[in-house]
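Chemist: Take this structure, written in structure tokens, and hold onto it; I'll ask about it next.
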Amino acid sequence: MLEWPKILELVAERTSFSLSREAIMELEPKTELAEVVQELRLTSDGVRLLWKHGEAPFGGATDVRQVVGRSRLGGILEPDQLLPIGDFLYCTAQLKKYLGDDEGPLAELARGLTPLPSLKAEIERCIDQEGYVKDSASPELARIRSKMRTLASRIRDRLDSLVHSAAMVKILQDPIVTVRNGRYVVPVKAEYRSKFQGIVHDQSGSGATLFMEPSFAVELNNDLNVAEQQEQAEVQRILKRLTAQVAEQGEVILGNLQIVTDLDCIFAKARYSRAIDAVEPVMNDQGRINIKQGRHPLLKGSVVPIDIWLGNDFHVLVITGPNTGGKTVTLKTVGLLSLMAQAGLHIPADEGSELAVFEGIYADIGDEQSIEQSLSTFSSHMTTIVGVLEDLQENSLVLLDELGAGTDPTEGAALATAILEHLRSRGVHTIATTHYSDLKSYAYTHSGVENASVEFDLKTLRPTYRLSIGIPGKSNAFAISRRLGLSESIIHTAQALLSSEHMQVEDMIGEMETNRRQAEQDRLAAERLRREQEDLKNKYERKLEEFEAERAELVDQARLEARRLLDETQSEVNKILGQVRRMGRDELEDSVKEFREELASRKEALGKLRKEKPKTSGPRNLKPGEEVRIKSLRQNGFVLEPPAAGGDVLIQAGIMKITVKIEDVERIEATGVKAQAGSRSSGTSRGHLAKSRTIRSEIDLRGKTVEEGLTIVDKYLDDAFLSSLGRVQLIHGKGTGALGEAIHQYLSTHPHVQDFRYGAPNEGGHGVTVVDIHLPS
């Protein structure tokens, strides 16, 4: 009813391999507070790492349980079964490196990974990417294959001489050498069989051609077959040795597999969190719910967020309002967000949202009438509710849609009231939607129960989808009918049929709604004025800081000018003193020396008056996601990590991550805190983003000449550097290897290149070059 499987499917789409996908699809909410908090903490750490380091390296991750199991049962693994083991160990090593320097909970989890580099290296040494055992796998295999190549060459040389000789022109069907049953043969015309000395191994479908092995080639072919058998035996010995090593490390590999699966599940949750702009909720086990600006994660387009709370002053909430007004969506949002949080998923809401850990979440939502089972709407709802009440636990959340609907209104309202009273008396947290007016008064006369309503705009005759807690829904039947053109006389007659008490209640609800809307408008106006006042305050504080800085700079300039004048004066005095000495006028010399000492004392006093510019301390309590301005660069950005002990803060400025001093940062007020830097950054950043949209992280050079390829690579590396791509792939193919070698020579001298290497097995091997680029700091 809450569409939980759809959420699991959305998360599973973001996993990297089959085993983690299976784990996500089997994900269930936890009921222990400590476990839920830990799962949410891991997801938050995954989001942090994705922002800080980019995607985690899960390339090569695969389910190797069957392969490891076969090795431990004594079976010999084939090359195409050993290759996934090598790829998985490569993935393990990359994840260990990705999380190696971090101090978060995911890094703690990754410390249990054991990459087994020697086993990975041995598999790569013995088996190539096509699944062929290399000659270098053992000296004996290299010797046997060398012998096989020599024998095959001798046989082909002699057979080539035979088929091209003049004597064989009439005897042979075609001047070719082929293979049948593992032996080299030539095609002989059937009528010349008696004239050709050799052994028949096969014939054509028509019988006109016999594939015969010449007598002189029999011994050579025999030697070749023996060598092939020796080759197979040696290959099996090598595979058996590798299989034994896999079996020996089986426990370690399976342990790595479990950790990699757990990490991939956590990063899938983190990727989903970023996709829906979600946050980590505050969890409690006292039944408190306080969702701020919550959005249903499955709704598309422009979604009206809701604020809903439960568990402090009341634990039963009765929602009334028009059909299609958002009552059912509100129920599903609360239930689905509770399930997500208890399963370790972030929720699409604002920071500070709070949810409770429930032992059970029960829902009766939608119309489940069945023609086959002869169940009406009322019967289907009541069957579900009976099952809920039988299975109900104390610490539970119950969601009831259109409670008591589908039967006589009087009896339905009485049943709904009784069911709510039963749940209220047991202290069960309940949210129910209804059309019955009797339930509005029930909420006013019983403690622990509160009314709520979904708004309706009488001007447009459309619901606004906003939830108002504390105010019951008002019947809008007369107002809607009047706007649609129903006769006033009919409307007056209908109103006269209602009791005076009912009309008074409706008028009271209407007045409450009017007052609430006015209060909301006043609150928004006050909030706007407060923001304007804060903006003005910050503006004039900045101007004061600029004024003080300018004043200090002017004073410093004045002091420097005074020092310059003193230096010039002292230089002049020294010049006069030299002249006096030459003249021998002792009394004048004494006078000038005294004057020079006085100037020196004044200079010293002036230097003491000089003050250092006051150092700005920078903003305090910066949080990840907060928008700031880098003063020295005149560029806006978003905080990725809080300031470190040394006063440095990591900022995302456009597509660049920059570490700057806290003194060089100022907070930008009244700005959204989500990292949508692409739409709000400076012109430079927008230029980089525009470039990054058009450039990919790989380029295909296959089919290019060396000169063409190097020209393309030169321009591509410049574009990648400007787009701050930290790593790119150059796809040049294997071919003759000339293009790859030329590219490597070129990269070794390129100023933007930090490092380069051939691709890993899962990246394309020697057909791809992976380049790490110096990023602008």
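We name chains A, B, ... following the order of the structure tokens; residues begin at 1 in each chain, and ligands are numbered from 1 as shown.
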If you count only C-alpha atoms, which residues fall within 12 Å of Gln249 of chain A, apart from same-chain ones fewer than 5 positions away, as an mmCIF file with N, CA and C atoms, in the first residue's frame?
Modeler:
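And here's out14.cif as it stands now:
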```cif
data_model
loop_
_atom_site.group_PDB
_atom_site.id
_atom_site.type_symbol
_atom_site.label_atom_id
_atom_site.label_comp_id
_atom_site.auth_asym_id
_atom_site.auth_seq_id
_atom_site.Cartn_x
_atom_site.Cartn_y
_atom_site.Cartn_z
ATOM 1 N N VAL A 68 34.325 -19.555 -6.205
ATOM 2 C CA VAL A 68 35.072 -19.919 -5.001
ATOM 3 C C VAL A 68 34.592 -21.260 -4.471
ATOM 4 N N GLY A 69 33.273 -21.476 -4.505
ATOM 5 C CA GLY A 69 32.733 -22.752 -4.040
ATOM 6 C C GLY A 69 33.229 -23.926 -4.862
ATOM 7 N N SER A 71 36.064 -24.108 -6.494
ATOM 8 C CA SER A 71 37.483 -24.330 -6.185
ATOM 9 C C SER A 71 37.644 -25.086 -4.863
ATOM 10 N N ARG A 72 36.774 -24.784 -3.907
ATOM 11 C CA ARG A 72 36.896 -25.428 -2.587
ATOM 12 C C ARG A 72 36.387 -26.856 -2.604
ATOM 13 N N ILE A 85 37.799 -13.516 -10.706
ATOM 14 C CA ILE A 85 38.473 -13.454 -9.401
ATOM 15 C C ILE A 85 39.515 -12.329 -9.420
ATOM 16 N N LEU A 89 39.431 -8.875 -7.186
ATOM 17 C CA LEU A 89 40.536 -8.463 -6.307
ATOM 18 C C LEU A 89 41.047 -7.076 -6.692
ATOM 19 N N THR A 114 40.876 -7.319 2.346
ATOM 20 C CA THR A 114 42.225 -7.863 2.129
ATOM 21 C C THR A 114 42.410 -8.049 0.623
ATOM 22 N N PRO A 115 43.131 -7.168 -0.065
ATOM 23 C CA PRO A 115 43.185 -7.191 -1.536
ATOM 24 C C PRO A 115 43.834 -8.427 -2.161
ATOM 25 N N LEU A 116 44.731 -9.144 -1.438
ATOM 26 C CA LEU A 116 45.443 -10.318 -1.989
ATOM 27 C C LEU A 116 46.167 -9.960 -3.293
ATOM 28 N N PRO A 117 47.114 -9.042 -3.267
ATOM 29 C CA PRO A 117 47.781 -8.605 -4.509
ATOM 30 C C PRO A 117 48.574 -9.708 -5.190
ATOM 31 N N SER A 118 49.136 -10.636 -4.417
ATOM 32 C CA SER A 118 49.945 -11.691 -5.044
ATOM 33 C C SER A 118 49.074 -12.620 -5.878
ATOM 34 N N LEU A 119 47.870 -12.973 -5.381
ATOM 35 C CA LEU A 119 46.966 -13.832 -6.141
ATOM 36 C C LEU A 119 46.488 -13.101 -7.396
ATOM 37 N N LYS A 120 46.134 -11.839 -7.267
ATOM 38 C CA LYS A 120 45.699 -11.051 -8.429
ATOM 39 C C LYS A 120 46.815 -10.995 -9.469
ATOM 40 N N LEU A 242 46.477 -22.507 -9.869
ATOM 41 C CA LEU A 242 45.750 -21.268 -9.596
ATOM 42 C C LEU A 242 44.474 -21.541 -8.801
ATOM 43 N N THR A 243 43.786 -22.651 -9.162
ATOM 44 C CA THR A 243 42.565 -23.011 -8.437
ATOM 45 C C THR A 243 42.867 -23.283 -6.971
ATOM 46 N N ALA A 244 43.984 -23.976 -6.721
ATOM 47 C CA ALA A 244 44.364 -24.267 -5.335
ATOM 48 C C ALA A 244 44.612 -22.980 -4.556
ATOM 49 N N LEU A 254 35.576 -14.480 0.115
ATOM 50 C CA LEU A 254 34.159 -14.357 0.467
ATOM 51 C C LEU A 254 33.936 -13.257 1.501
ATOM 52 N N GLY A 255 34.889 -13.097 2.422
ATOM 53 C CA GLY A 255 34.792 -11.987 3.373
ATOM 54 C C GLY A 255 34.871 -10.649 2.668
ATOM 55 N N ASN A 256 35.792 -10.534 1.694
ATOM 56 C CA ASN A 256 35.867 -9.311 0.887
ATOM 57 C C ASN A 256 34.567 -9.062 0.135
#
```
Chemist: Leaving out segment 208-221 of chain A and any residue of its chain fewer than 5 positions from it, which residues lie within 6 Å of it when counting only C-alpha atoms, given as a list in words?
Modeler: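 Near segment 208-221 of chain A, the qualifying residues are Arg183, Val185, Val186, Pro187, Val188, Lys189, Ala190, Gln197, Gly198, Ile199, Val200, His201, Asp202 and Gln203 of chain A.
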Chemist: Report as a PyMOL selection string all protein, DNA and RNA residues lying within 6 Å of Ile431 of chain A, evaluated on only C-alpha atoms, omitting residues in the same chain fewer than 3 positions from it.
Modeler: chain A and resi 316-317+399
Chemist: Please, which residues of segment 21-247 of chain A, numbered as in this document, come out strand (DSSP E) from DSSP, as a list of chain:residue names?
Modeler: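 Here is the list: A:Thr178, A:Val179, A:Arg180, A:Arg183, A:Tyr184, A:Val185, A:Val186, A:Pro187, A:Val188, A:Lys189, A:Gly198, A:Ile199, A:Val200, A:His201, A:Asp202, A:Gln203, A:Thr209, A:Leu210, A:Phe211, A:Met212, A:Glu213, A:Pro214.
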Chemist: Just how far from atom CA of Ile291 of chain A is atom CA of Asp350 of chain A, in Å to one decimal?
Modeler: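 One can read the atom CA of Asp350 of chain A to atom CA of Ile291 of chain A distance as 7.9 Å.
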